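To start, the structure under review is shown below, and the notes come after it.
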Amino acid sequence: MSAASTAAPKGTPLRAETLAPRPQRRALRRFMRHRLALFGLASLVFLVIACAVGPLLVPYGALTIDLRHRFQPPFAGPHLLGSDQLGRDLLVRLLLAGRISLTVGFAAMGISTAVGLVVGMLAGFYGGVVGAALMRFVDAVLCFPSIFLLLTLAALVSPDVLTITLIVALTAWMEVARVVEGQVRSLRQRDFAVAVEAIGASDSYLMLNELLPNIAAPVVVAATLNVARAILLESYVSYLGYGIQPPTPSWGNMLNNAQEYLTSAPWLALLPGAVITLAVTGFNFAGDGLRDALDPRLESNR
Amino acid sequence: MIRFVVRRLAQSLLLLVLVSMIGFALVHLAPGGPLAQFALTPGMSQAALNQIAHQMGLDQPLPLQYVGWAGHLIRGDWGHSYRDQQPVLSIIASHLGATLELMLSSTVLSVLVGTWVGVLGAIRRYSWADYTATIGAMIGLSIPTFWFGLVVIYLFAVRLAWLPAGNIGSPGAPASLLDSVRHLILPCLVLTLVTVANWSRYMRASMLEVINQDFMRTARAKGLAARTVLIHHALRNALLPMITVAGLQVPTLLGGALVTETVFTWPGMGRLFLDSIGYRDYPMVMGLLLFSAILVLLGNLLADLLYVVADPRISLR
């Protein structure tokens with residue numbers, strides 16, 4: 001309760017706009033939401049282009065060792081963003097790691113969205129025992145904290161880009177399945193679906209041509225947020241040493257032994273994390289903006 | 001009421017069975033399966049391995065094996081660690097305290113801060129403070145926990161040298177409350193980041209829902225002070241659905257604790273899990289995986305039951 005009493009402005013009545021926002025407030029809101037989504041999108045475009053083109057413009061490779069410039073701080077020598085314990089260029093490593101991390105993020109999103117779509121569609125469409133069984137399985141997988149599940153799976157496979165992508169996808173498809181199942185279950189009862197069924201369309205026609213376009217919006221939103229999640233999960237498992245293995249750089253494994261140099265070369269720890277945060281924030285803002293743009297019904301609650 | 005509780009318990013039990021089946025499948029997916037620890041013993045012949053497999057019941061059909069395995073679980077026999085042959089459950093028990101200390105302290109902190117931020121965001125909706133909080137929450141959800149840990153260590157332990165960079169207490173020094181608290185502050189702060197962002201967002205949404213309801217207008221029309229309305233009418237009602245949110249936070253909290261414990265060398269369950277993975281100590285890994293899933297299940301069940309007790313409007317079918 002003490003937390004709330006500080007929140008209550010003493011003496012001032014509850015403001016009127018908590019009930020109905022004034023026009024200026026509404027304009028500010030639209031502007032801000034728009035701006036955040038744009039910021040998200042812009043930072044993603046920037047990151048993707050930088051990771052694609054950037055390494056060609058830097059005169060070093062990810063593994064180029066330069067022992068004369070070990071532990072060079074950023075902006076203080078030939079290496080723009082500094083160098084690590086072997087004198088490897090941090091900027092080029094960040095960009096090449098970005099290629100790996102973004103690829104894992106997008107690929108894992110694709111796989112997890114596809115799996116979630118299939119499971120959710122089947123469960124929502126057929127319902128009954130099959131649907132219940134599928135959804136209880138989803139519930140059961142959701143009981144495992146994703147990092148625990150991810151590390152266990154990572155311990156069972158030999159870690160490379162492909163297997164890490166697969167296991168990240170395996171721990172991230174459940175939300176999509178839930179969203180799709182709920183949507184499909186309610187859409188099936190709607191007149192247009194019943195009508196299409198009545199004229200003798202096959203189940204697969206109904207699912208792919210009628211229901212799928214109608215659930216595209218929430219799936220696109222979930223997929224966008226899933227990229228953010230996949231990048232985070234990859235960075236966790238790589239940081240902990242069970243993900244992408246050095247010398248292949250990924251944003252996560254660049255932080256892997258940065259902790260021991262925290263006193264002498266803090267940029268090795270600070271920069272990769274800042275880039276991960278930028279990428280994940282970008283996807284989260286973009287996903288949030290997409291949700292607003294694609295689903296006007298949600299507007300009233302926000 | 002009793003029917004609801006029974007039904008909810010039955011659902012949880014079913015989920016528990018499913019969870020254990022997934023755990024069982026993973027045990028058998030592990031390289032070498034349950035036989036792995038014997039296969040590595042020098043001088044072990046294939047015949048001897050077959051005999052052990054027979055004694056362990058590994059030549060039986062999988063459903064039968066599952067029943068046997070689950071029977072051991074129920075009786076508290078979760079197997080023995082490869083590393084020191086101690087029973088899995090007792091090793092978990094000895095690491096549980098440190099994790100709970102971390103999780104509970106950060107939950108208290110994030111509930112206090114998150115409630116305050118959420119309420120502020122709701123009553124001053126679309127103000128700059130609200131936007132700052134919303135954007136902050138979004139960034140909080142996007143920061144990798146381990147990196148935030150590194151940043152916090154760099155700032156408060158390396159640069160400012162105010163607080164220790166890790167461990168649960170100073171080695172060699174006699175245990176004291178002050179020492180424990182000093183070691184707890186940074187990891188607690190890091191773990192709080194994970195949950196406070198979520199809590200404030202849900203709190204804001206819940207508060208907004210309540211604020212726009214009729215009884216709020218009635219209370220204000222009666223001429224009650226804004227603070228009274230806010231605390232006695234709005235906050236009390238807005239906190240109810242947060243019971244469910246708290247229950248749903250358990251997996252996030254456990255995952256966050258794992259990462260936080262690793263960064264701060266905190267001797268809890270998460271660190272034990274990571275060490276066990278490093279040693280390929282499969283019984284320990286599976287035990288901890290199952291244990292964490294059971295904690296999540298319990299969290300959800302408890303939240304649901306508490307919600308019914310706390311909110312008399314819930315209709316019990």
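Residue numbering restarts at 1 for every chain of the structure tokens, chains are lettered A, B, ... in their displayed order, and ligands are numbered from 1 as they appear.
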**Message:** For region 157-166 of chain B, find every residue with an atom within 7 Å (counting only C-alpha atoms), except residues of its own chain fewer than 3 positions away, and show them as a list in words.
**Reply:**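 So, after excluding close chain neighbours, the residues are Thr263 of chain A; Ile153, Tyr154, Arg182, His183, Phe264, Thr265 and Trp266 of chain B.
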What would the file look like if the residues just selected were written as a PDB file, in the first residue's frame with C-alpha atoms?
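Now in result-v6.pdb:
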ATOM      1  CA  THR A 263      38.447  -4.537 -15.127  1.00  0.00           C
TER       2      THR A 263
ATOM      3  CA  ILE B 153      29.307  -5.467 -11.802  1.00  0.00           C
ATOM      4  CA  TYR B 154      31.385  -3.049 -13.871  1.00  0.00           C
ATOM      5  CA  ARG B 182      25.825  -6.604   0.582  1.00  0.00           C
ATOM      6  CA  HIS B 183      26.287  -9.725  -1.533  1.00  0.00           C
ATOM      7  CA  PHE B 264      27.459 -13.708  -9.797  1.00  0.00           C
ATOM      8  CA  THR B 265      28.767 -17.214  -8.922  1.00  0.00           C
ATOM      9  CA  TRP B 266      25.761 -17.569  -6.636  1.00  0.00           C
TER      10      TRP B 266
END
**Request:** Check region 16-203 of chain B with DSSP on the backbone and list each residue it calls helix (DSSP H, G or I), as a ChimeraX atom specification.
**Result:** /B:16-29,33-39,46-55,62-74,88-123,128-142,145-159,177-203
**Item:** Nearby residues (only C-alpha atoms) at most 9 Å from Ala193 (chain A), same-chain spacing under 4 positions excluded, as an MDAnalysis selection string
**Value:** chainID A and resid 187:189 197:198 206 210:211
Let's have the selection written as an mmCIF file, in the first residue's frame, with C-alpha atoms.
data_model
loop_
_atom_site.group_PDB
_atom_site.id
_atom_site.type_symbol
_atom_site.label_atom_id
_atom_site.label_comp_id
_atom_site.auth_asym_id
_atom_site.auth_seq_id
_atom_site.Cartn_x
_atom_site.Cartn_y
_atom_site.Cartn_z
ATOM 1 C CA LEU A 187 -13.143 -18.320 -36.601
ATOM 2 C CA ARG A 188 -14.411 -21.816 -37.384
ATOM 3 C CA GLN A 189 -17.781 -20.938 -35.887
ATOM 4 C CA GLU A 197 -17.739 -25.797 -45.347
ATOM 5 C CA ALA A 198 -21.381 -26.114 -46.408
ATOM 6 C CA LEU A 206 -10.820 -24.158 -45.526
ATOM 7 C CA GLU A 210 -10.038 -19.152 -45.644
ATOM 8 C CA LEU A 211 -8.704 -19.352 -42.091
#
**Message:** I need the residue nearest chain B from this list: A:Gly200, A:Gly243, A:Pro249, A:Pro145. Use only C-alpha atoms for the distance.
**Reply:**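 Closest candidate: A:Pro145.
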Which residues of chain B are close to chain A, meaning at most 7 Å apart when you count only C-alpha atoms, and how do they look as a PDB file with N, CA and C atoms, in the first residue's frame?
ATOM      1  N   LEU B  15      -1.061 -32.559 -16.135  1.00  0.00           N
ATOM      2  CA  LEU B  15       0.065 -31.815 -16.683  1.00  0.00           C
ATOM      3  C   LEU B  15       1.385 -32.370 -16.148  1.00  0.00           C
ATOM      4  N   LEU B  18       2.314 -35.414 -18.036  1.00  0.00           N
ATOM      5  CA  LEU B  18       2.857 -35.042 -19.348  1.00  0.00           C
ATOM      6  C   LEU B  18       4.285 -34.508 -19.220  1.00  0.00           C
ATOM      7  N   VAL B  19       4.479 -33.658 -18.207  1.00  0.00           N
ATOM      8  CA  VAL B  19       5.809 -33.091 -17.987  1.00  0.00           C
ATOM      9  C   VAL B  19       6.811 -34.214 -17.718  1.00  0.00           C
ATOM     10  N   ALA B  30      19.347 -38.675 -24.162  1.00  0.00           N
ATOM     11  CA  ALA B  30      20.698 -38.336 -23.746  1.00  0.00           C
ATOM     12  C   ALA B  30      21.660 -39.373 -24.300  1.00  0.00           C
ATOM     13  N   PRO B  31      22.885 -38.940 -24.715  1.00  0.00           N
ATOM     14  CA  PRO B  31      23.830 -39.888 -25.309  1.00  0.00           C
ATOM     15  C   PRO B  31      24.075 -41.050 -24.361  1.00  0.00           C
ATOM     16  N   LEU B 112       6.971  -4.212  -5.459  1.00  0.00           N
ATOM     17  CA  LEU B 112       6.857  -2.846  -4.923  1.00  0.00           C
ATOM     18  C   LEU B 112       7.083  -1.807  -6.018  1.00  0.00           C
ATOM     19  N   THR B 115       4.440  -2.157  -9.041  1.00  0.00           N
ATOM     20  CA  THR B 115       3.112  -1.664  -8.716  1.00  0.00           C
ATOM     21  C   THR B 115       3.080  -0.150  -8.783  1.00  0.00           C
ATOM     22  N   TRP B 116       4.092   0.452  -8.190  1.00  0.00           N
ATOM     23  CA  TRP B 116       4.157   1.906  -8.166  1.00  0.00           C
ATOM     24  C   TRP B 116       4.223   2.473  -9.584  1.00  0.00           C
ATOM     25  N   VAL B 119       0.847   1.821 -11.493  1.00  0.00           N
ATOM     26  CA  VAL B 119      -0.245   2.694 -11.059  1.00  0.00           C
ATOM     27  C   VAL B 119      -0.026   4.107 -11.585  1.00  0.00           C
ATOM     28  N   LEU B 120       1.216   4.572 -11.470  1.00  0.00           N
ATOM     29  CA  LEU B 120       1.539   5.915 -11.959  1.00  0.00           C
ATOM     30  C   LEU B 120       1.240   6.023 -13.453  1.00  0.00           C
ATOM     31  N   ILE B 123      -2.707   6.154 -13.914  1.00  0.00           N
ATOM     32  CA  ILE B 123      -3.467   7.361 -13.546  1.00  0.00           C
ATOM     33  C   ILE B 123      -2.981   8.585 -14.325  1.00  0.00           C
ATOM     34  N   ARG B 124      -1.791   8.526 -14.861  1.00  0.00           N
ATOM     35  CA  ARG B 124      -1.336   9.625 -15.727  1.00  0.00           C
ATOM     36  C   ARG B 124      -1.070   9.068 -17.104  1.00  0.00           C
ATOM     37  N   ARG B 125      -2.077   8.448 -17.678  1.00  0.00           N
ATOM     38  CA  ARG B 125      -1.898   7.775 -18.944  1.00  0.00           C
ATOM     39  C   ARG B 125      -1.481   8.755 -20.033  1.00  0.00           C
ATOM     40  N   TYR B 126      -0.570   8.316 -20.890  1.00  0.00           N
ATOM     41  CA  TYR B 126      -0.069   9.093 -22.022  1.00  0.00           C
ATOM     42  C   TYR B 126       0.671  10.347 -21.605  1.00  0.00           C
ATOM     43  N   ILE B 139      12.588  -1.793 -22.954  1.00  0.00           N
ATOM     44  CA  ILE B 139      14.035  -1.992 -23.015  1.00  0.00           C
ATOM     45  C   ILE B 139      14.467  -3.007 -21.956  1.00  0.00           C
ATOM     46  N   SER B 142      14.236  -6.295 -23.163  1.00  0.00           N
ATOM     47  CA  SER B 142      15.113  -6.592 -24.287  1.00  0.00           C
ATOM     48  C   SER B 142      16.573  -6.767 -23.880  1.00  0.00           C
ATOM     49  N   ILE B 143      16.923  -6.300 -22.680  1.00  0.00           N
ATOM     50  CA  ILE B 143      18.325  -6.405 -22.259  1.00  0.00           C
ATOM     51  C   ILE B 143      18.637  -7.844 -21.862  1.00  0.00           C
ATOM     52  N   PRO B 144      19.708  -8.419 -22.399  1.00  0.00           N
ATOM     53  CA  PRO B 144      20.082  -9.757 -21.933  1.00  0.00           C
ATOM     54  C   PRO B 144      20.470  -9.694 -20.450  1.00  0.00           C
ATOM     55  N   TRP B 147      24.136  -9.704 -19.511  1.00  0.00           N
ATOM     56  CA  TRP B 147      24.864  -8.479 -19.847  1.00  0.00           C
ATOM     57  C   TRP B 147      24.562  -7.388 -18.829  1.00  0.00           C
ATOM     58  N   LEU B 150      26.744  -7.954 -16.044  1.00  0.00           N
ATOM     59  CA  LEU B 150      28.116  -7.488 -16.279  1.00  0.00           C
ATOM     60  C   LEU B 150      28.212  -5.976 -16.117  1.00  0.00           C
ATOM     61  N   VAL B 151      27.209  -5.256 -16.648  1.00  0.00           N
ATOM     62  CA  VAL B 151      27.212  -3.797 -16.544  1.00  0.00           C
ATOM     63  C   VAL B 151      27.164  -3.374 -15.083  1.00  0.00           C
ATOM     64  N   TYR B 154      30.396  -4.038 -13.445  1.00  0.00           N
ATOM     65  CA  TYR B 154      31.385  -3.049 -13.871  1.00  0.00           C
ATOM     66  C   TYR B 154      31.198  -1.735 -13.123  1.00  0.00           C
ATOM     67  N   VAL B 158      33.448  -2.746  -9.953  1.00  0.00           N
ATOM     68  CA  VAL B 158      34.759  -2.407 -10.501  1.00  0.00           C
ATOM     69  C   VAL B 158      35.032  -0.910 -10.371  1.00  0.00           C
ATOM     70  N   ASN B 212     -11.730   2.537 -15.259  1.00  0.00           N
ATOM     71  CA  ASN B 212     -12.846   2.895 -16.139  1.00  0.00           C
ATOM     72  C   ASN B 212     -14.154   2.220 -15.768  1.00  0.00           C
ATOM     73  N   ALA B 226      -9.433  11.464  -3.468  1.00  0.00           N
ATOM     74  CA  ALA B 226      -8.824  10.744  -4.584  1.00  0.00           C
ATOM     75  C   ALA B 226      -7.951   9.590  -4.102  1.00  0.00           C
ATOM     76  N   ARG B 227      -7.234   9.856  -3.000  1.00  0.00           N
ATOM     77  CA  ARG B 227      -6.342   8.809  -2.491  1.00  0.00           C
ATOM     78  C   ARG B 227      -7.120   7.603  -2.006  1.00  0.00           C
ATOM     79  N   ILE B 231      -6.625   3.933  -3.517  1.00  0.00           N
ATOM     80  CA  ILE B 231      -6.075   2.806  -2.765  1.00  0.00           C
ATOM     81  C   ILE B 231      -7.150   1.777  -2.429  1.00  0.00           C
ATOM     82  N   PRO B 251       8.397 -19.276 -14.357  1.00  0.00           N
ATOM     83  CA  PRO B 251       9.428 -19.706 -15.305  1.00  0.00           C
ATOM     84  C   PRO B 251      10.431 -18.607 -15.633  1.00  0.00           C
ATOM     85  N   THR B 252       9.955 -17.376 -15.812  1.00  0.00           N
ATOM     86  CA  THR B 252      10.851 -16.255 -16.091  1.00  0.00           C
ATOM     87  C   THR B 252      11.844 -16.081 -14.945  1.00  0.00           C
ATOM     88  N   LEU B 254      12.785 -18.325 -12.697  1.00  0.00           N
ATOM     89  CA  LEU B 254      13.735 -19.437 -12.606  1.00  0.00           C
ATOM     90  C   LEU B 254      14.822 -19.305 -13.671  1.00  0.00           C
ATOM     91  N   GLY B 255      14.405 -18.964 -14.909  1.00  0.00           N
ATOM     92  CA  GLY B 255      15.381 -18.790 -15.980  1.00  0.00           C
ATOM     93  C   GLY B 255      16.319 -17.634 -15.667  1.00  0.00           C
ATOM     94  N   ILE B 277      25.437 -29.611 -16.371  1.00  0.00           N
ATOM     95  CA  ILE B 277      25.512 -29.729 -17.825  1.00  0.00           C
ATOM     96  C   ILE B 277      26.963 -29.817 -18.263  1.00  0.00           C
ATOM     97  N   LEU B 289      15.723 -30.195 -14.232  1.00  0.00           N
ATOM     98  CA  LEU B 289      14.755 -29.789 -15.259  1.00  0.00           C
ATOM     99  C   LEU B 289      13.331 -30.104 -14.786  1.00  0.00           C
ATOM    100  N   SER B 292      12.324 -27.864 -11.838  1.00  0.00           N
ATOM    101  CA  SER B 292      11.927 -26.504 -12.219  1.00  0.00           C
ATOM    102  C   SER B 292      10.524 -26.506 -12.827  1.00  0.00           C
ATOM    103  N   ALA B 293      10.225 -27.543 -13.634  1.00  0.00           N
ATOM    104  CA  ALA B 293       8.887 -27.615 -14.225  1.00  0.00           C
ATOM    105  C   ALA B 293       7.824 -27.791 -13.138  1.00  0.00           C
ATOM    106  N   VAL B 296       7.111 -24.530 -11.560  1.00  0.00           N
ATOM    107  CA  VAL B 296       6.256 -23.717 -12.429  1.00  0.00           C
ATOM    108  C   VAL B 296       4.797 -24.150 -12.288  1.00  0.00           C
ATOM    109  N   LEU B 297       4.588 -25.475 -12.330  1.00  0.00           N
ATOM    110  CA  LEU B 297       3.241 -26.024 -12.170  1.00  0.00           C
ATOM    111  C   LEU B 297       2.621 -25.589 -10.851  1.00  0.00           C
TER     112      LEU B 297
END
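The coordinates place CA of Gly114 (chain B) at 5.3 Å from CA of Trp199 (chain B).
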**Request:** For Thr192 (chain B), please output as a ChimeraX atom specification all residues within 7 Å (counting only C-alpha atoms; exclusion window: fewer than 2 positions along the same chain).
**Result:** /B:106-107,109-110,188-190,194-196
**Prompt:** Which of these residues is nearest to Leu301 (chain B), using only C-alpha atoms: B:Ala234, B:Ala221, B:Ile243, B:Val111?
**Reply:**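 Of B:Ala234, B:Ala221, B:Ile243, B:Val111, the one nearest Leu301 (chain B), counting only C-alpha atoms, is B:Ile243.
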**Prompt:** So how many Å separate CA of Ala172 (chain A) and CA of Ile111 (chain A), to one decimal?
**Reply:**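 Going from CA of Ala172 (chain A) over to CA of Ile111 (chain A), I get 9.3 Å.
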**Item:** Pick from B:Leu26, B:Phe291, B:Tyr279, B:Gly118 nearest to Met207 (chain B), counting only C-alpha atoms
**Value:**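 Ranking B:Leu26, B:Phe291, B:Tyr279, B:Gly118 by distance to Met207 (chain B), first place goes to B:Gly118.
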**Pick from A:Ala293, A:Leu38, A:Val58, A:Ile244 nearest to Pro159 (chain A), counting only C-alpha atoms** =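 Ranking A:Ala293, A:Leu38, A:Val58, A:Ile244 by distance to Pro159 (chain A), first place goes to A:Ile244.
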**Message:** Could you check the closest approach to Phe71 (chain A) for each of A:Leu166, A:Leu94, A:Met254, A:Leu268 and tell me which residue wins, using only C-alpha atoms?
**Reply:**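 Once distances to Phe71 (chain A) are computed over only C-alpha atoms, the minimum belongs to A:Leu268.
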**Message:** To one decimal place in Å, what is the distance between CA of Thr244 (chain B) and CA of Leu298 (chain B)?
**Reply:**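 These atoms are spaced 12.2 Å apart.
Counting only C-alpha atoms, the residue from B:Met286, B:Leu29, B:Ile92, B:Arg8 that sits nearest to Ala303 (chain B) is B:Arg8.
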